[in-house]
$ cat protein-v9.cif   # mmCIF, C-alpha atoms and all ligand atoms
data_entry
loop_
_atom_site.label_atom_id
_atom_site.label_comp_id
_atom_site.auth_asym_id
_atom_site.auth_seq_id
_atom_site.Cartn_x
_atom_site.Cartn_y
_atom_site.Cartn_z
CA MET A 10 19.20 -3.81 -9.98
CA GLU A 11 22.74 -5.14 -10.29
CA HIS A 12 23.19 -8.84 -9.46
CA PHE A 13 24.21 -9.54 -5.86
CA SER A 14 27.42 -11.17 -7.07
CA LYS A 15 28.68 -7.74 -8.22
CA GLU A 16 28.74 -6.17 -4.74
CA ARG A 17 32.16 -4.94 -3.64
CA THR A 18 33.76 -3.89 -0.37
CA LEU A 19 36.94 -2.11 0.67
CA VAL A 20 39.04 -4.06 3.15
CA MET A 21 42.27 -2.92 4.70
CA VAL A 22 44.80 -4.76 6.84
CA LYS A 23 45.74 -2.01 9.29
CA PRO A 24 49.37 -1.39 10.39
CA ASP A 25 49.00 -3.69 13.43
CA GLY A 26 47.64 -6.46 11.20
CA VAL A 27 50.71 -6.19 8.95
CA GLN A 28 53.03 -6.15 12.00
CA ARG A 29 51.30 -9.20 13.48
CA SER A 30 51.93 -11.10 10.21
CA LEU A 31 48.22 -11.60 9.66
CA ILE A 32 47.96 -10.55 5.99
CA GLY A 33 47.84 -14.16 4.83
CA GLU A 34 45.41 -15.27 7.57
CA ILE A 35 43.04 -12.43 6.70
CA ILE A 36 43.19 -13.05 2.95
CA LYS A 37 42.60 -16.77 3.58
CA ARG A 38 39.37 -16.01 5.47
CA TYR A 39 38.07 -13.88 2.61
CA GLU A 40 39.07 -16.41 -0.03
CA ARG A 41 37.43 -19.34 1.70
CA MET A 42 34.11 -17.45 1.90
CA GLY A 43 34.04 -17.44 -1.90
CA LEU A 44 34.70 -13.74 -2.35
CA LYS A 45 36.86 -12.62 -5.29
CA LEU A 46 39.90 -10.35 -4.86
CA VAL A 47 39.69 -7.69 -7.60
CA ALA A 48 42.30 -5.16 -6.37
CA MET A 49 45.14 -5.11 -3.87
CA LYS A 50 48.08 -2.87 -2.92
CA MET A 51 50.43 -2.16 -0.03
CA LEU A 52 50.98 1.49 0.81
CA LEU A 53 51.86 3.97 3.52
CA PRO A 54 48.83 6.28 3.84
CA THR A 55 49.09 9.99 4.69
CA GLU A 56 47.20 11.54 7.62
CA ASP A 57 45.15 13.56 5.16
CA HIS A 58 44.13 10.43 3.25
CA ILE A 59 43.06 8.76 6.51
CA GLU A 60 41.03 11.76 7.68
CA LYS A 61 39.21 11.87 4.32
CA HIS A 62 38.62 8.10 4.45
CA TYR A 63 36.86 8.31 7.83
CA THR A 64 34.88 11.46 7.04
CA LEU A 65 33.57 10.34 3.61
CA ASP A 66 30.36 9.53 5.49
CA PRO A 67 29.16 12.74 7.20
CA ASN A 68 27.41 10.63 9.87
CA TRP A 69 30.50 8.65 10.85
CA MET A 70 31.55 11.08 13.62
CA ARG A 71 28.16 10.84 15.34
CA ILE A 72 27.63 7.09 14.89
CA THR A 73 31.11 6.13 16.10
CA GLY A 74 30.74 8.38 19.16
CA GLU A 75 27.35 6.85 19.97
CA LYS A 76 28.71 3.33 19.51
CA THR A 77 31.57 4.08 21.92
CA ILE A 78 29.21 5.49 24.58
CA GLU A 79 26.99 2.41 24.22
CA GLY A 80 30.03 0.11 24.49
CA TYR A 81 31.01 1.72 27.80
CA LYS A 82 27.46 1.72 29.21
CA LYS A 83 26.84 -1.94 28.29
CA LYS A 84 29.69 -2.84 30.62
CA GLY A 85 28.31 -0.56 33.36
CA GLN A 86 31.16 1.92 32.82
CA GLN A 87 31.19 5.69 32.48
CA PRO A 88 32.12 6.93 28.94
CA PRO A 89 34.83 9.62 28.73
CA SER A 90 32.13 12.06 27.51
CA GLU A 91 28.37 12.05 26.89
CA ASP A 92 28.90 14.01 23.64
CA PRO A 93 29.46 11.61 20.68
CA LEU A 94 31.20 14.28 18.58
CA GLU A 95 33.64 15.13 21.34
CA ILE A 96 34.59 11.46 21.62
CA THR A 97 35.08 11.05 17.87
CA LYS A 98 37.25 14.16 17.61
CA VAL A 99 39.79 12.43 19.85
CA VAL A 100 39.30 9.08 18.06
CA LEU A 101 39.98 10.66 14.67
CA ALA A 102 43.19 12.35 15.85
CA ASN A 103 44.40 9.02 17.29
CA LEU A 104 43.31 7.13 14.18
CA LYS A 105 45.50 9.34 12.00
CA LYS A 106 48.54 8.37 14.07
CA TYR A 107 47.59 4.68 14.14
CA MET A 108 46.80 4.31 10.46
CA THR A 109 49.97 6.09 9.28
CA SER A 110 52.32 4.25 11.67
CA GLY A 111 53.28 1.66 9.04
CA PRO A 112 52.22 0.09 5.76
CA VAL A 113 48.66 -1.11 5.21
CA VAL A 114 47.27 -3.54 2.65
CA ALA A 115 44.20 -2.23 0.85
CA MET A 116 41.96 -4.66 -1.05
CA VAL A 117 38.70 -4.78 -2.93
CA TRP A 118 36.69 -7.98 -2.52
CA GLN A 119 33.71 -8.80 -4.72
CA GLY A 120 30.86 -11.26 -4.30
CA ALA A 121 27.29 -11.72 -3.10
CA HIS A 122 26.58 -9.56 -0.04
CA ALA A 123 30.30 -8.70 0.12
CA VAL A 124 29.78 -5.85 2.61
CA LYS A 125 27.69 -7.74 5.17
CA ILE A 126 29.66 -10.98 4.86
CA SER A 127 32.85 -9.02 5.33
CA ARG A 128 31.60 -7.26 8.48
CA LYS A 129 30.51 -10.63 9.81
CA ILE A 130 33.95 -12.23 9.46
CA VAL A 131 35.68 -9.06 10.73
CA GLY A 132 33.59 -8.79 13.94
CA GLY A 133 32.61 -5.84 16.13
CA THR A 134 34.79 -2.74 16.51
CA GLU A 135 36.02 -3.41 20.07
CA PRO A 136 38.06 -6.65 20.20
CA LEU A 137 37.08 -7.20 23.85
CA SER A 138 33.51 -7.83 22.73
CA SER A 139 34.02 -9.02 19.11
CA ASP A 140 32.59 -12.53 18.63
CA VAL A 141 34.86 -15.55 18.84
CA GLY A 142 35.52 -16.86 15.33
CA THR A 143 35.84 -13.36 13.84
CA ILE A 144 39.18 -11.80 12.85
CA ARG A 145 38.97 -9.17 15.61
CA GLY A 146 37.67 -11.73 18.12
CA ASP A 147 40.34 -14.33 17.39
CA PHE A 148 43.58 -12.42 16.92
CA VAL A 149 43.65 -9.34 19.18
CA LEU A 150 42.63 -8.21 22.67
CA ASP A 151 42.16 -4.43 22.80
CA SER A 152 39.36 -2.47 24.54
CA TYR A 153 37.92 1.07 24.54
CA GLN A 154 38.94 1.40 28.18
CA MET A 155 42.56 0.45 27.62
CA SER A 156 42.96 2.53 24.45
CA ASP A 157 41.39 5.56 26.17
CA MET A 158 43.62 5.13 29.19
CA ASP A 159 46.65 5.07 26.88
CA GLY A 160 45.36 7.88 24.63
CA ARG A 161 45.34 5.94 21.36
CA ALA A 162 42.99 4.36 18.80
CA VAL A 163 41.61 0.86 19.31
CA ARG A 164 43.90 -1.59 17.50
CA ASN A 165 41.64 -4.04 15.73
CA LEU A 166 43.74 -5.28 12.76
CA ILE A 167 41.39 -4.59 9.90
CA HIS A 168 39.00 -2.14 8.26
CA ALA A 169 35.92 -3.18 6.28
CA SER A 170 33.27 -0.90 4.74
CA GLY A 171 30.04 -0.56 6.71
CA SER A 172 27.51 -0.33 3.86
CA PRO A 173 27.47 -0.78 0.05
CA GLU A 174 27.33 3.01 -0.39
CA GLU A 175 30.26 3.56 1.98
CA ALA A 176 32.11 0.81 0.10
CA GLU A 177 31.73 2.49 -3.30
CA ASN A 178 33.00 5.81 -1.89
CA GLU A 179 35.91 4.16 -0.10
CA ILE A 180 36.92 2.12 -3.16
CA LYS A 181 37.11 5.35 -5.20
CA HIS A 182 39.14 6.94 -2.40
CA TRP A 183 41.78 4.17 -2.39
CA PHE A 184 41.85 2.83 -5.96
CA ALA A 185 41.91 4.27 -9.47
CA ASP A 186 39.52 2.59 -11.91
CA ASN A 187 42.38 0.90 -13.78
CA GLU A 188 43.67 -0.73 -10.58
CA ILE A 189 40.51 -2.81 -10.27
CA ILE A 190 40.47 -5.92 -12.45
CA GLY A 191 37.30 -7.37 -13.92
CA TYR A 192 37.77 -11.11 -14.39
CA ARG A 193 35.97 -14.40 -13.96
CA LEU A 194 36.91 -16.82 -11.22
CA VAL A 195 36.22 -20.46 -12.07
CA GLN A 196 34.50 -21.10 -8.71
CA GLU A 197 31.87 -18.44 -9.46
CA GLN A 198 30.10 -20.98 -11.67
CA ILE A 199 29.43 -23.12 -8.59
CA LEU A 200 28.45 -20.11 -6.47
CA TYR A 201 26.23 -18.22 -8.89
CA ASP A 202 25.32 -19.97 -12.17
CA VAL A 203 21.65 -20.91 -12.38
CA ASN A 204 22.48 -24.28 -13.98
CA ILE A 205 25.07 -26.31 -12.15
CA ASP A 206 25.99 -28.46 -15.15
CA GLY A 207 29.14 -29.44 -17.03
CA ILE A 208 30.64 -31.22 -14.03
CA LEU A 209 29.95 -34.87 -14.89
CA GLU A 210 31.78 -36.51 -17.81
P1 LIG A 301 34.67 -0.06 12.39
O1 LIG A 301 36.14 -0.09 12.03
O2 LIG A 301 34.26 -1.29 13.14
O3 LIG A 301 33.77 0.27 11.23
P2 LIG A 301 34.29 2.70 13.29
O4 LIG A 301 34.06 3.06 11.87
O5 LIG A 301 33.25 3.12 14.28
O6 LIG A 301 34.52 1.13 13.47
O7 LIG A 301 35.67 3.32 13.79
C1 LIG A 301 36.81 3.29 12.97
C2 LIG A 301 38.02 2.87 13.79
O8 LIG A 301 38.29 3.84 14.79
C3 LIG A 301 37.85 1.57 14.56
O9 LIG A 301 38.08 0.42 13.76
C4 LIG A 301 38.88 1.73 15.66
O10 LIG A 301 40.20 1.44 15.18
C5 LIG A 301 38.79 3.21 15.96
N1 LIG A 301 37.86 3.53 17.06
C6 LIG A 301 36.49 3.58 16.99
N2 LIG A 301 35.94 3.93 18.17
C7 LIG A 301 36.99 4.12 19.02
C8 LIG A 301 37.11 4.53 20.40
N3 LIG A 301 36.04 4.80 21.12
N4 LIG A 301 38.34 4.61 20.94
C9 LIG A 301 39.43 4.35 20.21
N5 LIG A 301 39.40 3.99 18.91
C10 LIG A 301 38.21 3.87 18.31
MG MG A 302 33.52 2.03 10.11
#
$ encode --input "protein-v9.cif" --output "structure tokens"
Amino acid sequence: MEHFSKERTLVMVKPDGVQRSLIGEIIKRYERMGLKLVAMKMLLPTEDHIEKHYTLDPNWMRITGEKTIEGYKKKGQQPPSEDPLEITKVVLANLKKYMTSGPVVAMVWQGAHAVKISRKIVGGTEPLSSDVGTIRGDFVLDSYQMSDMDGRAVRNLIHASGSPEEAENEIKHWFADNEIIGYRLVQEQILYDVNIDGILE
């Protein structure tokens, strides 16, 4: 098994995150965790690229629909449909508009448990219920109800892969091999080396 420190995740500052001038704030939160930035670019994605990104995982349509229904029911509200796939069909169409509305910043971050740590600092999908202290909980205020009422995708500033397998597929979808840089960061010695020596003179 590969060492934990080699795990990587795909993170993207979405168009609203760029417009809110949060690129630096988001990068700062990843850096201070101890994760290592190994690839980064700004680009304007196409609708086709976005559709492929969200359907790389064949279960995404079902899971996202189910999560939305649960989000409504937890608040004692009626979801727009009881059929998860019907909900996600609309979400995907709206996501294509949202994610191509302006430039995004795509990044690959590497480090121990990169995927889970990243989801933790990003927070839950719906900003209304994302935990305080997370990126989505601290910097934006959208809800499923409001986005449905206005016929658009939930604006939640950032994307982060949901599992290590999803991450590997997404990284390949957004970056060529030669755009990802293998290098050593000095702080990794403190985070990962078995012997913490060579500090004292
Ligand atoms: P996450 O980004 O937290 O992994 P999903 O993969 O389930 O969430 O959904 C992808 C994106 O689609 C979300 O970040 C959000 O922008 C949008 N989205 C998800 N569910 C809904 C919904 N019910 N209504 C509007 N937009 C949604
Ligand atoms: Mg997801």
$ closest_residue --input "protein-v9.cif" --among "A:Leu209, A:Leu52, A:Ile78, A:Leu101" --to "ligand MG 302 (chain A)" --atoms "all atoms listed in the file"
A:Leu101
$ closest_residue --input "protein-v9.cif" --among "A:Pro93, A:Pro88, A:Gly146, A:Gly160" --to "Lys106 in chain A" --atoms "all atoms listed in the file"
A:Gly160
$ atom_distance --input "protein-v9.cif" --atom1 "CA of Asn178 in chain A" --atom2 "CA of Asn68 in chain A"
13.9 Å
$ closest_residue --input "protein-v9.cif" --among "A:Lys105, A:Lys98, A:Arg41, A:Arg29" --to "Gln196 in chain A" --atoms "all atoms listed in the file"
A:Arg41
$ atom_distance --input "protein-v9.cif" --atom1 "CA of Ser110 in chain A" --atom2 "CA of Leu53 in chain A"
8.2 Å
$ residues_near_ligand --input "protein-v9.cif" --ligand "ligand MG 302 (chain A)" --cutoff "8 Å" --atoms "all atoms listed in the file" --output "NGL selection string"
:A and (63 or 69 or 73 or 168-171)
$ closest_residue --input "protein-v9.cif" --among "A:Ala121, A:Val114, A:Val131, A:Val203" --to "ligand LIG 301 (chain A)" --atoms "all atoms listed in the file"
A:Val131
$ residues_around --input "protein-v9.cif" --residues "Leu31 in chain A" --least-positions-apart "5" --cutoff "12 Å" --atoms "all atoms listed in the file" --output "ChimeraX atom specification"
/A:21-26,36-38,113-114,144-145,147-149,165-167
$ closest_residue --input "protein-v9.cif" --among "A:Glu174, A:Glu11, A:Glu16, A:Glu40" --to "Gly120 in chain A" --atoms "all atoms listed in the file"
A:Glu16
$ atom_distance --input "protein-v9.cif" --atom1 "atom O2 of ligand LIG 301 (chain A)" --atom2 "CA of His58 in chain A"
18.2 Å
$ decode --input "protein-v9.cif" --residues "range 105-129 of chain A" --atoms "N, CA, C and O atoms" --output "compact mmCIF listing (two decimals), in the first residue's frame"
# COMPACT_ATOMS: atom_id res chain seq x y z
N LYS A 105 -23.88 23.06 -15.08
CA LYS A 105 -23.13 23.38 -16.30
C LYS A 105 -23.10 24.89 -16.53
O LYS A 105 -22.08 25.44 -16.92
N LYS A 106 -24.22 25.55 -16.24
CA LYS A 106 -24.27 27.02 -16.39
C LYS A 106 -23.37 27.68 -15.35
O LYS A 106 -22.59 28.57 -15.65
N TYR A 107 -23.52 27.23 -14.11
CA TYR A 107 -22.76 27.80 -12.97
C TYR A 107 -21.26 27.67 -13.19
O TYR A 107 -20.51 28.65 -13.12
N MET A 108 -20.83 26.46 -13.52
CA MET A 108 -19.39 26.18 -13.55
C MET A 108 -18.70 26.73 -14.79
O MET A 108 -17.47 26.72 -14.87
N THR A 109 -19.48 27.19 -15.79
CA THR A 109 -18.86 27.78 -16.99
C THR A 109 -19.10 29.29 -17.03
O THR A 109 -18.84 29.93 -18.04
N SER A 110 -19.60 29.85 -15.93
CA SER A 110 -19.95 31.28 -15.93
C SER A 110 -18.74 32.19 -15.79
O SER A 110 -18.83 33.40 -15.97
N GLY A 111 -17.58 31.62 -15.46
CA GLY A 111 -16.37 32.42 -15.29
C GLY A 111 -15.21 31.50 -15.01
O GLY A 111 -15.40 30.28 -14.89
N PRO A 112 -14.00 32.07 -14.87
CA PRO A 112 -12.84 31.21 -14.64
C PRO A 112 -12.92 30.47 -13.30
O PRO A 112 -13.52 30.96 -12.35
N VAL A 113 -12.28 29.30 -13.28
CA VAL A 113 -12.13 28.52 -12.05
C VAL A 113 -10.64 28.30 -11.82
O VAL A 113 -9.83 28.47 -12.74
N VAL A 114 -10.28 27.95 -10.60
CA VAL A 114 -8.88 27.61 -10.31
C VAL A 114 -8.85 26.15 -9.86
O VAL A 114 -9.43 25.80 -8.83
N ALA A 115 -8.22 25.32 -10.69
CA ALA A 115 -8.14 23.89 -10.38
C ALA A 115 -6.78 23.60 -9.74
O ALA A 115 -5.76 24.16 -10.15
N MET A 116 -6.80 22.75 -8.71
CA MET A 116 -5.56 22.45 -7.97
C MET A 116 -5.52 20.98 -7.59
O MET A 116 -6.56 20.36 -7.41
N VAL A 117 -4.29 20.47 -7.44
CA VAL A 117 -4.12 19.16 -6.84
C VAL A 117 -3.32 19.34 -5.56
O VAL A 117 -2.25 19.95 -5.57
N TRP A 118 -3.90 18.86 -4.45
CA TRP A 118 -3.23 18.94 -3.16
C TRP A 118 -2.86 17.53 -2.71
O TRP A 118 -3.67 16.60 -2.85
N GLN A 119 -1.66 17.40 -2.15
CA GLN A 119 -1.17 16.08 -1.73
C GLN A 119 -0.80 16.08 -0.26
O GLN A 119 -0.25 17.07 0.25
N GLY A 120 -1.08 14.97 0.41
CA GLY A 120 -0.69 14.83 1.81
C GLY A 120 -1.53 13.75 2.47
O GLY A 120 -2.47 13.23 1.87
N ALA A 121 -1.19 13.43 3.73
CA ALA A 121 -1.87 12.34 4.42
C ALA A 121 -3.37 12.61 4.51
O ALA A 121 -3.78 13.69 4.91
N HIS A 122 -4.15 11.63 4.08
CA HIS A 122 -5.62 11.72 4.13
C HIS A 122 -6.14 12.96 3.41
O HIS A 122 -7.11 13.59 3.86
N ALA A 123 -5.49 13.32 2.31
CA ALA A 123 -5.82 14.58 1.61
C ALA A 123 -7.31 14.69 1.30
O ALA A 123 -7.89 15.77 1.44
N VAL A 124 -7.95 13.59 0.91
CA VAL A 124 -9.36 13.66 0.49
C VAL A 124 -10.25 14.00 1.69
O VAL A 124 -11.04 14.94 1.64
N LYS A 125 -10.10 13.25 2.76
CA LYS A 125 -10.97 13.46 3.93
C LYS A 125 -10.71 14.80 4.60
O LYS A 125 -11.63 15.50 5.01
N ILE A 126 -9.43 15.15 4.74
CA ILE A 126 -9.07 16.43 5.35
C ILE A 126 -9.68 17.56 4.54
O ILE A 126 -10.23 18.52 5.08
N SER A 127 -9.60 17.41 3.21
CA SER A 127 -10.09 18.45 2.33
C SER A 127 -11.61 18.61 2.48
O SER A 127 -12.12 19.73 2.60
N ARG A 128 -12.34 17.50 2.51
CA ARG A 128 -13.79 17.58 2.68
C ARG A 128 -14.14 18.21 4.03
O ARG A 128 -15.13 18.92 4.16
N LYS A 129 -13.31 17.94 5.02
CA LYS A 129 -13.56 18.49 6.35
C LYS A 129 -13.45 20.02 6.34
O LYS A 129 -14.28 20.71 6.91
